[in-house]
file data-v7.csv (CSV, C-alpha atoms)
chain,number,residue,atom,x,y,z
A,25,MET,CA,21.8,28.3,9.6
A,26,VAL,CA,18.6,29.1,7.8
A,27,ASP,CA,15.7,27.8,9.8
A,28,SER,CA,12.5,28.6,11.7
A,29,PRO,CA,11.1,27.6,15.0
A,30,ARG,CA,8.1,26.4,13.1
A,31,LEU,CA,9.9,24.1,10.8
A,32,ILE,CA,11.2,20.6,11.7
A,33,THR,CA,13.3,18.5,9.3
A,34,ILE,CA,13.2,14.7,9.5
A,35,VAL,CA,16.0,13.0,7.7
A,36,LEU,CA,15.6,9.3,6.8
A,37,GLY,CA,18.6,7.2,5.7
A,38,ASP,CA,20.3,3.9,5.7
A,39,PHE,CA,23.5,4.8,7.4
A,40,LYS,CA,25.0,1.3,7.7
A,41,ASN,CA,24.7,0.6,4.0
A,42,ALA,CA,26.0,4.0,2.8
A,43,SER,CA,29.3,4.0,1.1
A,44,GLU,CA,32.4,4.5,3.3
A,45,ILE,CA,32.9,8.0,2.0
A,46,ALA,CA,29.3,8.8,2.6
A,47,GLN,CA,29.5,7.4,6.2
A,48,ILE,CA,32.5,9.6,6.9
A,49,ASP,CA,30.6,12.6,5.5
A,50,ILE,CA,27.5,11.8,7.5
A,51,VAL,CA,29.5,11.4,10.7
A,52,GLY,CA,31.3,14.7,10.1
A,53,ARG,CA,28.0,16.4,9.5
A,54,LEU,CA,26.3,14.9,12.4
A,55,ALA,CA,29.1,16.0,14.6
A,56,ARG,CA,28.8,19.5,13.2
A,57,VAL,CA,25.2,19.7,14.1
A,58,ALA,CA,25.6,18.0,17.4
A,59,GLY,CA,22.4,17.8,19.3
A,60,ILE,CA,20.5,16.2,16.5
A,61,THR,CA,17.8,13.7,17.6
A,62,PHE,CA,18.6,10.3,16.5
A,63,ALA,CA,16.4,7.2,16.2
A,64,ARG,CA,17.3,3.8,14.8
A,65,ILE,CA,14.8,1.2,13.6
B,15,MET,CA,-12.1,-8.5,19.2
B,16,SER,CA,-14.7,-6.3,17.4
B,17,GLU,CA,-16.1,-7.8,14.3
B,18,THR,CA,-15.4,-4.7,12.1
B,19,TYR,CA,-11.8,-4.7,13.2
B,20,ARG,CA,-11.4,-8.4,12.6
B,21,GLU,CA,-12.9,-8.1,9.1
B,22,THR,CA,-10.6,-5.2,8.3
B,23,ARG,CA,-7.5,-7.0,9.5
B,24,ALA,CA,-8.6,-10.2,7.7
B,25,THR,CA,-9.1,-8.3,4.4
B,26,GLU,CA,-5.7,-6.6,4.8
B,27,SER,CA,-4.1,-9.9,5.5
B,28,ASN,CA,-5.7,-11.7,2.6
B,29,ASP,CA,-4.8,-8.8,0.2
B,30,ALA,CA,-1.2,-8.9,1.4
B,31,SER,CA,-0.9,-12.6,0.9
B,32,LYS,CA,-2.0,-12.4,-2.7
B,33,SER,CA,0.6,-9.8,-3.7
B,34,TYR,CA,3.9,-10.8,-5.2
B,35,LEU,CA,5.4,-7.4,-5.2
B,36,ARG,CA,6.7,-5.4,-2.3
B,37,PRO,CA,4.1,-2.8,-1.3
B,38,GLU,CA,4.8,0.9,-1.3
B,39,PRO,CA,5.4,2.2,2.2
B,40,ASN,CA,2.1,3.0,3.8
B,41,SER,CA,1.0,4.0,7.3
B,42,LEU,CA,0.4,1.2,9.8
B,43,SER,CA,-1.7,0.9,12.9
B,44,TRP,CA,0.0,0.9,16.2
B,45,GLU,CA,-0.5,-2.8,16.5
B,46,ALA,CA,1.4,-3.5,13.3
B,47,LEU,CA,4.4,-1.3,14.0
B,48,SER,CA,7.6,-3.2,15.2
B,49,ASN,CA,9.1,-2.5,18.6
B,50,SER,CA,11.9,-0.4,17.2
B,51,GLN,CA,9.4,1.6,15.1
B,52,ARG,CA,7.3,2.2,18.2
B,53,VAL,CA,10.4,3.6,20.0
B,54,ALA,CA,11.2,5.8,17.1
B,55,PHE,CA,7.5,6.8,16.8
B,56,LYS,CA,7.7,8.0,20.4
B,57,GLN,CA,10.9,10.0,19.7
B,58,ILE,CA,9.4,11.7,16.7
B,59,VAL,CA,6.2,12.6,18.5
B,60,ARG,CA,8.1,13.9,21.5
B,61,SER,CA,10.4,15.9,19.2
B,62,LEU,CA,7.5,17.4,17.4
B,63,GLY,CA,6.0,18.3,20.8
B,64,GLN,CA,9.1,20.1,21.7
B,65,VAL,CA,9.1,22.1,18.5
B,66,TRP,CA,5.5,22.9,19.1
B,67,ALA,CA,6.2,24.1,22.7
B,68,ARG,CA,9.0,26.4,21.3
B,69,ARG,CA,7.2,27.5,18.2
B,70,ASP,CA,7.2,31.2,19.0
B,71,ASP,CA,10.9,31.2,20.0
B,72,ASP,CA,11.9,33.5,17.3
B,73,SER,CA,12.9,36.6,19.3
B,74,VAL,CA,16.6,35.8,19.2
B,75,THR,CA,18.5,37.6,16.5
B,76,ALA,CA,22.1,37.6,17.5
B,77,PHE,CA,24.2,35.0,15.6
B,78,TYR,CA,25.8,33.6,18.8
B,79,GLU,CA,22.4,32.9,20.4
B,80,ARG,CA,20.7,31.7,17.3
B,81,SER,CA,22.4,28.4,16.7
B,82,LYS,CA,21.4,26.5,19.9
B,83,SER,CA,17.7,26.4,19.2
B,84,ALA,CA,18.3,25.6,15.6
B,85,LEU,CA,20.0,22.3,16.2
B,86,LYS,CA,17.1,20.6,17.9
B,87,ARG,CA,14.8,20.8,14.9
B,88,VAL,CA,16.5,18.0,12.9
B,89,LEU,CA,15.7,14.4,13.4
B,90,TRP,CA,17.7,11.5,12.0
B,91,ILE,CA,15.9,8.2,11.4
B,92,ASP,CA,18.4,5.5,10.6
B,93,GLY,CA,17.5,2.0,9.3
B,94,GLY,CA,18.3,-0.5,6.6
B,95,ARG,CA,16.5,-0.7,3.2
B,96,GLY,CA,13.0,-1.9,3.7
B,97,MET,CA,13.1,-1.7,7.5
B,98,GLY,CA,10.1,0.7,7.5
B,99,LYS,CA,11.5,4.2,7.9
B,100,SER,CA,9.0,5.8,5.4
B,101,THR,CA,6.3,3.6,6.8
B,102,LEU,CA,7.1,4.8,10.3
B,103,LEU,CA,6.9,8.5,9.2
B,104,LYS,CA,3.6,7.9,7.4
B,105,SER,CA,2.2,6.2,10.4
B,106,VAL,CA,3.2,9.2,12.6
B,107,ALA,CA,1.8,11.7,10.1
B,108,ARG,CA,-1.4,9.7,9.9
B,109,ALA,CA,-1.7,9.5,13.6
B,110,ILE,CA,-1.5,13.2,13.9
B,111,ALA,CA,-3.2,14.3,10.7
B,112,THR,CA,-6.3,12.0,10.7
B,113,ARG,CA,-7.2,11.9,14.3
B,114,ARG,CA,-10.5,10.1,14.0
B,115,ASP,CA,-9.2,7.2,12.0
B,116,TRP,CA,-6.3,6.6,14.4
B,117,ASN,CA,-8.4,6.9,17.5
B,118,ALA,CA,-10.9,4.5,16.1
B,119,GLU,CA,-8.1,2.0,15.4
B,120,ILE,CA,-6.7,2.4,18.8
B,121,THR,CA,-10.1,1.9,20.4
B,122,ALA,CA,-10.5,-1.3,18.3
B,123,PHE,CA,-7.1,-2.4,19.3
B,124,GLU,CA,-7.8,-1.7,22.9
B,125,THR,CA,-11.0,-3.8,22.7
B,126,SER,CA,-9.2,-6.6,20.9
B,127,GLU,CA,-6.4,-6.6,23.5
B,128,LYS,CA,-9.0,-6.9,26.3
B,129,GLU,CA,-10.8,-9.7,24.5
B,130,ASP,CA,-7.6,-11.4,23.6
B,131,SER,CA,-6.6,-11.3,27.2
B,132,GLN,CA,-9.9,-12.8,28.3
B,133,LYS,CA,-9.5,-15.6,25.7
B,134,MET,CA,-5.9,-16.1,26.8
B,135,ARG,CA,-7.2,-16.7,30.3
B,136,GLU,CA,-9.7,-19.1,29.1
B,137,GLY,CA,-7.0,-21.1,27.3
B,138,GLU,CA,-8.4,-20.8,23.8
B,139,LEU,CA,-5.8,-18.5,22.4
B,140,LYS,CA,-3.0,-20.3,24.3
B,141,LYS,CA,-3.9,-23.5,22.5
B,142,GLN,CA,-4.0,-21.7,19.2
B,143,ILE,CA,-0.6,-20.1,19.7
B,144,GLU,CA,1.0,-23.4,20.7
B,145,ALA,CA,-0.4,-25.0,17.6
B,146,GLU,CA,1.1,-22.2,15.5
B,147,LEU,CA,4.4,-22.3,17.3
B,148,ARG,CA,4.8,-26.0,16.6
B,149,LYS,CA,4.5,-25.3,12.9
B,150,LYS,CA,6.5,-22.2,12.6
B,151,LEU,CA,9.0,-21.6,15.3
B,152,SER,CA,12.6,-22.8,15.2
B,153,ASP,CA,13.8,-26.2,16.6
B,154,GLU,CA,15.0,-24.5,19.7
B,155,CYS,CA,11.6,-23.0,20.4
B,156,LYS,CA,10.0,-26.3,19.7
B,157,LYS,CA,12.2,-27.9,22.4
B,158,GLN,CA,11.0,-25.2,24.8
B,159,LEU,CA,7.4,-26.0,24.0
B,160,ASP,CA,8.0,-29.5,24.9
B,161,SER,CA,9.6,-28.5,28.2
B,162,ASP,CA,7.9,-26.6,31.1
B,163,ASP,CA,8.6,-23.2,29.6
B,164,LYS,CA,5.4,-23.1,27.5
B,165,VAL,CA,4.1,-19.9,28.8
B,166,LYS,CA,7.3,-18.0,28.1
B,167,CYS,CA,7.4,-19.3,24.6
B,168,ALA,CA,3.8,-18.4,24.0
B,169,GLU,CA,4.6,-14.9,25.2
B,170,ASP,CA,7.5,-14.6,22.8
B,171,ALA,CA,5.2,-15.6,20.0
B,172,LYS,CA,3.0,-12.7,20.9
B,173,LYS,CA,5.8,-10.3,20.1
B,174,PRO,CA,7.2,-11.3,16.7
B,175,PHE,CA,8.3,-7.8,16.0
B,176,ALA,CA,10.4,-7.5,19.2
B,177,PRO,CA,13.4,-9.6,19.0
B,178,GLY,CA,15.3,-9.5,22.3
B,179,GLY,CA,13.3,-6.5,23.6
B,180,GLU,CA,10.4,-5.8,25.8
B,181,LEU,CA,7.2,-5.4,23.9
B,182,LYS,CA,6.2,-1.7,23.6
B,183,GLY,CA,2.5,-2.4,23.8
B,184,LEU,CA,-0.5,-0.4,24.5
B,185,GLU,CA,0.9,1.1,27.7
B,186,PHE,CA,3.7,2.5,25.7
B,187,TYR,CA,1.3,4.1,23.3
B,188,ARG,CA,-0.8,5.5,26.1
B,189,ASP,CA,2.3,7.2,27.3
B,190,ILE,CA,2.4,9.3,24.1
B,191,LYS,CA,-1.3,9.5,23.4
B,192,SER,CA,-1.7,12.9,25.0
B,193,ASP,CA,1.3,14.2,23.0
B,194,ILE,CA,-0.3,13.0,19.8
B,195,GLU,CA,-3.6,14.7,20.7
B,196,GLU,CA,-1.7,17.9,21.5
B,197,LEU,CA,-0.2,17.9,18.0
B,198,GLN,CA,-3.4,17.1,16.2
B,199,GLY,CA,-4.7,20.0,14.1
B,200,ARG,CA,-1.4,21.8,14.6
B,201,VAL,CA,1.0,20.2,12.2
B,202,VAL,CA,1.3,20.6,8.4
B,203,TRP,CA,3.1,17.7,6.7
B,204,LEU,CA,4.9,18.9,3.6
B,205,ASP,CA,5.5,16.6,0.7
B,206,PRO,CA,8.7,14.6,1.3
B,207,LEU,CA,11.9,15.3,-0.5
B,208,GLU,CA,13.1,12.0,-2.1
B,209,LEU,CA,16.7,12.4,-2.9
B,210,GLU,CA,16.7,9.3,-5.1
B,211,LEU,CA,14.3,11.1,-7.5
B,212,LEU,CA,15.9,14.5,-7.4
B,213,PRO,CA,18.4,15.8,-9.9
B,214,GLY,CA,22.1,16.0,-8.9
B,215,GLU,CA,22.1,19.8,-8.3
B,216,ILE,CA,19.2,21.0,-6.2
B,217,ASN,CA,18.6,24.0,-4.0
B,218,LEU,CA,17.2,22.3,-0.9
B,219,LEU,CA,15.8,25.6,0.6
B,220,ALA,CA,14.0,26.4,-2.7
B,221,ALA,CA,12.6,22.8,-2.6
B,222,ILE,CA,11.2,23.3,0.9
B,223,LEU,CA,9.7,26.7,0.0
B,224,ALA,CA,8.0,25.1,-3.1
B,225,ARG,CA,6.5,22.5,-0.8
B,226,LEU,CA,5.3,25.1,1.6
B,227,GLU,CA,3.7,27.0,-1.3
B,228,ASP,CA,2.1,23.9,-2.6
B,229,ALA,CA,0.6,23.0,0.8
B,230,LEU,CA,-0.8,26.6,1.3
B,231,ARG,CA,-2.2,26.6,-2.3
B,232,ARG,CA,-4.0,23.4,-1.6
B,233,VAL,CA,-5.8,24.7,1.5
B,234,SER,CA,-6.3,28.0,-0.2
B,235,LYS,CA,-8.0,26.3,-3.2
B,236,ARG,CA,-10.2,24.3,-0.8
B,237,LYS,CA,-11.3,27.5,0.8
B,238,SER,CA,-12.0,29.3,-2.5
B,239,ASP,CA,-13.9,26.3,-3.7
B,240,ASP,CA,-16.2,26.6,-0.7
B,241,ASN,CA,-16.6,30.3,-0.7
B,242,GLN,CA,-17.0,33.0,-3.4
B,243,MET,CA,-13.9,33.4,-5.5
B,244,ARG,CA,-11.7,36.4,-4.6
B,245,GLY,CA,-10.8,38.8,-7.4
B,246,LEU,CA,-7.2,38.9,-8.7
B,247,LEU,CA,-6.7,42.4,-7.5
B,248,GLU,CA,-8.9,42.1,-4.4
B,249,ARG,CA,-7.1,42.7,-1.1
B,250,ARG,CA,-6.7,39.8,1.3
B,251,ASP,CA,-8.4,40.1,4.7
B,252,SER,CA,-5.1,39.9,6.5
B,253,GLY,CA,-3.4,42.6,4.3
B,254,ILE,CA,-0.3,40.5,3.8
B,255,ASP,CA,-0.2,38.0,0.9
B,256,PRO,CA,1.9,35.0,1.9
B,257,PHE,CA,2.1,33.9,-1.7
B,258,HIS,CA,3.7,37.2,-2.6
B,259,LEU,CA,6.2,36.8,0.3
B,260,LEU,CA,7.0,33.2,-0.7
B,261,THR,CA,7.6,34.2,-4.3
B,262,LYS,CA,9.9,37.0,-3.2
B,263,LEU,CA,11.8,34.7,-0.9
B,264,MET,CA,12.2,32.0,-3.5
B,265,ALA,CA,13.7,34.6,-5.9
B,266,ASP,CA,16.0,35.7,-3.1
B,267,VAL,CA,17.1,32.1,-2.4
B,268,THR,CA,17.9,31.6,-6.1
B,269,LEU,CA,19.9,34.9,-6.3
B,270,ALA,CA,21.8,34.1,-3.1
B,271,TRP,CA,22.9,30.6,-4.1
B,272,ASP,CA,22.4,30.2,-7.8
B,273,GLY,CA,23.2,33.7,-9.0
B,274,ASN,CA,25.3,33.9,-12.2
B,275,THR,CA,27.3,37.0,-11.4
B,276,GLN,CA,30.6,35.2,-11.2
B,277,GLY,CA,30.1,33.6,-14.6
B,278,ARG,CA,29.2,36.9,-16.2
B,279,GLY,CA,31.9,38.9,-14.4
B,280,ALA,CA,34.1,39.4,-17.5
B,281,HIS,CA,31.2,40.6,-19.7
B,282,VAL,CA,29.4,43.0,-17.3
B,283,ASP,CA,30.1,46.6,-16.5
B,284,PRO,CA,32.1,46.7,-13.2
B,285,ASP,CA,29.6,49.0,-11.5
B,286,MET,CA,26.7,46.8,-12.5
B,287,LEU,CA,28.6,43.7,-11.3
B,288,SER,CA,29.4,45.4,-8.0
B,289,ARG,CA,25.8,46.3,-7.4
B,290,GLU,CA,24.7,42.7,-8.2
B,291,VAL,CA,27.3,41.1,-5.9
B,292,ASN,CA,26.4,43.5,-3.1
B,293,ARG,CA,22.7,42.8,-3.6
B,294,ALA,CA,23.3,39.0,-3.4
B,295,GLU,CA,25.4,39.4,-0.3
B,296,LYS,CA,22.7,41.5,1.4
B,297,ILE,CA,20.1,38.9,0.5
B,298,ARG,CA,22.3,36.1,2.0
B,299,LEU,CA,22.8,38.2,5.2
B,300,ASN,CA,19.1,38.7,5.7
B,301,LEU,CA,18.0,35.3,4.5
B,302,ALA,CA,17.7,33.6,7.9
B,303,ALA,CA,15.6,36.4,9.3
B,304,GLU,CA,13.5,36.6,6.1
B,305,PHE,CA,13.0,32.8,6.1
B,306,ARG,CA,11.7,33.0,9.7
B,307,LYS,CA,9.4,35.9,8.9
B,308,VAL,CA,7.9,34.2,5.8
B,309,ILE,CA,7.3,30.9,7.7
B,310,ASP,CA,5.6,32.8,10.5
B,311,THR,CA,3.5,34.7,8.0
B,312,ILE,CA,2.5,31.5,6.2
B,313,ALA,CA,1.6,29.9,9.5
B,314,SER,CA,-0.6,32.9,10.3
B,315,ALA,CA,-2.5,32.6,7.0
B,316,PRO,CA,-6.2,32.2,7.8
B,317,GLU,CA,-6.5,29.4,5.2
B,318,TRP,CA,-5.1,26.8,7.6
B,319,LEU,CA,-8.0,27.4,9.9
B,320,HIS,CA,-10.6,26.9,7.2
B,321,GLY,CA,-13.0,24.0,7.9
B,322,ASP,CA,-11.6,21.4,10.3
B,323,ALA,CA,-8.1,21.3,8.8
B,324,LEU,CA,-6.3,23.0,11.7
B,325,ARG,CA,-7.2,24.6,14.9
B,326,GLU,CA,-4.2,26.9,15.4
B,327,LYS,CA,-1.2,28.4,13.7
B,328,PRO,CA,0.7,25.3,12.6
B,329,ILE,CA,4.2,24.0,12.6
B,330,PHE,CA,5.6,22.5,9.4
B,331,VAL,CA,7.4,19.1,9.0
B,332,VAL,CA,9.5,18.3,6.0
B,333,SER,CA,11.1,14.9,5.5
B,334,ILE,CA,14.1,14.0,3.4
B,335,ASP,CA,14.2,10.4,2.3
B,336,ASP,CA,17.2,8.4,1.2
B,337,CYS,CA,19.7,10.8,2.8
B,338,ASP,CA,22.5,8.2,2.5
B,339,LEU,CA,22.3,8.5,-1.3
B,340,SER,CA,23.5,12.1,-1.1
B,341,PRO,CA,24.3,13.3,2.4
B,342,GLU,CA,26.0,16.4,1.3
B,343,ARG,CA,22.6,17.7,0.0
B,344,CYS,CA,20.5,17.3,3.1
B,345,LEU,CA,22.5,18.1,6.2
call {"tool": "encode", "arguments": {"input": "data-v7.csv", "output": "structure tokens"}}
result
Amino acid sequence: MVDSPRLITIVLGDFKNASEIAQIDIVGRLARVAGITFARI
Amino acid sequence: MSETYRETRATESNDASKSYLRPEPNSLSWEALSNSQRVAFKQIVRSLGQVWARRDDDSVTAFYERSKSALKRVLWIDGGRGMGKSTLLKSVARAIATRRDWNAEITAFETSEKEDSQKMREGELKKQIEAELRKKLSDECKKQLDSDDKVKCAEDAKKPFAPGGELKGLEFYRDIKSDIEELQGRVVWLDPLELELLPGEINLLAAILARLEDALRRVSKRKSDDNQMRGLLERRDSGIDPFHLLTKLMADVTLAWDGNTQGRGAHVDPDMLSREVNRAEKIRLNLAAEFRKVIDTIASAPEWLHGDALREKPIFVVSIDDCDLSPERCL
């Protein structure tokens, strides 16, 4: 994974309204990068 | 409540009531954030604090040790359309980037809270809230007003942004105030990547590097505007030119991901093709280390410390908006 200890990425998205395929995709990817910090508003 | 603060709030309120269009996301004061936004605010600040605490953690080079620390530098903020995700992020950025404004607001908020509490005790505000509740609240709430549960209903009215939850008020903010102050002058916010506006095919790493270069160029320009211009061939004080490193890395990123060797395979001399493929592979292999090196060099650029912009080598924050529109491009 290309990253740096001095770079943080904040991803904003509307998970519930994403298409079904996108949701499956997102869940899979979130699982792959397990440990991601998650906040819901 | 201080007069200046009252006037500002009143002006904002009047302006908002005249508008018929949905405003663009903008930063809000702590007072105006919803409960869930405040909780997410805290998570973002705490996460940035953790990244700051581990900012020099780049000694690990083995691939099997590298991945653990990498996972913790991605935050996911989930929320429906118009719920205030971008607003939240701008509010956090503003709280950290423009320290004086934010502190002034908080001070005003603190003052207004104290004065409101005083008035509440005197019964003035309570009467006002009850009058408003009778007009605006639901039938169920009105029934409560007519019963003995007036105080509870009035308290609920004080937290319109907190349905079903405990109000994350000033105490909640005080809990993270020191974290915010710790980050002030140490964070560079890069321009957000809005997936809705980007073309279908995009190299995300190149997009981040372009934003880094843009941020550095802006502070660099500010410095050169204030001081005597440096000649084109004049050496930098630090000896290493971060712009040069960035340009080289951007070229490497393009070669590693968007190279055209496969398409040209049938028309190129095999030896030449072999050299190009090997070169691209070597670039890919070293890309992670090069990326870290370049970020660290950019963070070390003296331009950041010019004026009162930053007080130390910074960390960088990049946000990706509307991820759900194209998740495969941002995770």
call {"tool": "interface_residues", "arguments": {"input": "data-v7.csv", "of": "chain B", "to": "chain A", "cutoff": "6 Å", "atoms": "only C-alpha atoms", "output": "PyMOL selection string"}}
result
chain B and resi 50-51+54+69+85-94+302+306+329-338
call {"tool": "write_last_selection", "arguments": {"input": "data-v7.csv", "atoms": "C-alpha atoms", "output": "short mmCIF file (atom, residue, chain, number, x, y, z; two decimals), in the coordinates of the input"}}
result
data_model
loop_
_atom_site.label_atom_id
_atom_site.label_comp_id
_atom_site.auth_asym_id
_atom_site.auth_seq_id
_atom_site.Cartn_x
_atom_site.Cartn_y
_atom_site.Cartn_z
CA SER B 50 11.90 -0.40 17.20
CA GLN B 51 9.40 1.60 15.10
CA ALA B 54 11.20 5.80 17.10
CA ARG B 69 7.20 27.50 18.20
CA LEU B 85 20.00 22.30 16.20
CA LYS B 86 17.10 20.60 17.90
CA ARG B 87 14.80 20.80 14.90
CA VAL B 88 16.50 18.00 12.90
CA LEU B 89 15.70 14.40 13.40
CA TRP B 90 17.70 11.50 12.00
CA ILE B 91 15.90 8.20 11.40
CA ASP B 92 18.40 5.50 10.60
CA GLY B 93 17.50 2.00 9.30
CA GLY B 94 18.30 -0.50 6.60
CA ALA B 302 17.70 33.60 7.90
CA ARG B 306 11.70 33.00 9.70
CA ILE B 329 4.20 24.00 12.60
CA PHE B 330 5.60 22.50 9.40
CA VAL B 331 7.40 19.10 9.00
CA VAL B 332 9.50 18.30 6.00
CA SER B 333 11.10 14.90 5.50
CA ILE B 334 14.10 14.00 3.40
CA ASP B 335 14.20 10.40 2.30
CA ASP B 336 17.20 8.40 1.20
CA CYS B 337 19.70 10.80 2.80
CA ASP B 338 22.50 8.20 2.50
#
call {"tool": "atom_distance", "arguments": {"input": "data-v7.csv", "atom1": "CA of Gly96 in chain B", "atom2": "CA of Glu38 in chain B"}}
result
10.0 Å
call {"tool": "atom_distance", "arguments": {"input": "data-v7.csv", "atom1": "CA of Asp193 in chain B", "atom2": "CA of Asp310 in chain B"}}
result
22.8 Å
call {"tool": "residues_around", "arguments": {"input": "data-v7.csv", "residues": "Phe305 in chain B", "least_positions_apart": "3", "cutoff": "12 Å", "atoms": "only C-alpha atoms", "output": "number ranges by chain"}}
result
A: 25-31; B: 72, 219-220, 222-223, 226, 259-264, 266-267, 297-302, 308-312
call {"tool": "atom_distance", "arguments": {"input": "data-v7.csv", "atom1": "CA of Val282 in chain B", "atom2": "CA of Asn217 in chain B"}}
result
25.6 Å
call {"tool": "residues_near_point", "arguments": {"input": "data-v7.csv", "point": "(-7.8, 26.5, 3.1)", "cutoff": "7 Å", "atoms": "all atoms listed in the file", "output": "JSON, numbers by chain"}}
result
{"B": [232, 233, 234, 235, 236, 237, 317, 318, 319, 320]}
call {"tool": "write_last_selection", "arguments": {"input": "data-v7.csv", "atoms": "C-alpha atoms", "output": "PDB file, in the frame of the given file"}}
result
ATOM      1  CA  ARG B 232      -4.000  23.400  -1.600  1.00  0.00           C
ATOM      2  CA  VAL B 233      -5.800  24.700   1.500  1.00  0.00           C
ATOM      3  CA  SER B 234      -6.300  28.000  -0.200  1.00  0.00           C
ATOM      4  CA  LYS B 235      -8.000  26.300  -3.200  1.00  0.00           C
ATOM      5  CA  ARG B 236     -10.200  24.300  -0.800  1.00  0.00           C
ATOM      6  CA  LYS B 237     -11.300  27.500   0.800  1.00  0.00           C
ATOM      7  CA  GLU B 317      -6.500  29.400   5.200  1.00  0.00           C
ATOM      8  CA  TRP B 318      -5.100  26.800   7.600  1.00  0.00           C
ATOM      9  CA  LEU B 319      -8.000  27.400   9.900  1.00  0.00           C
ATOM     10  CA  HIS B 320     -10.600  26.900   7.200  1.00  0.00           C
TER      11      HIS B 320
END
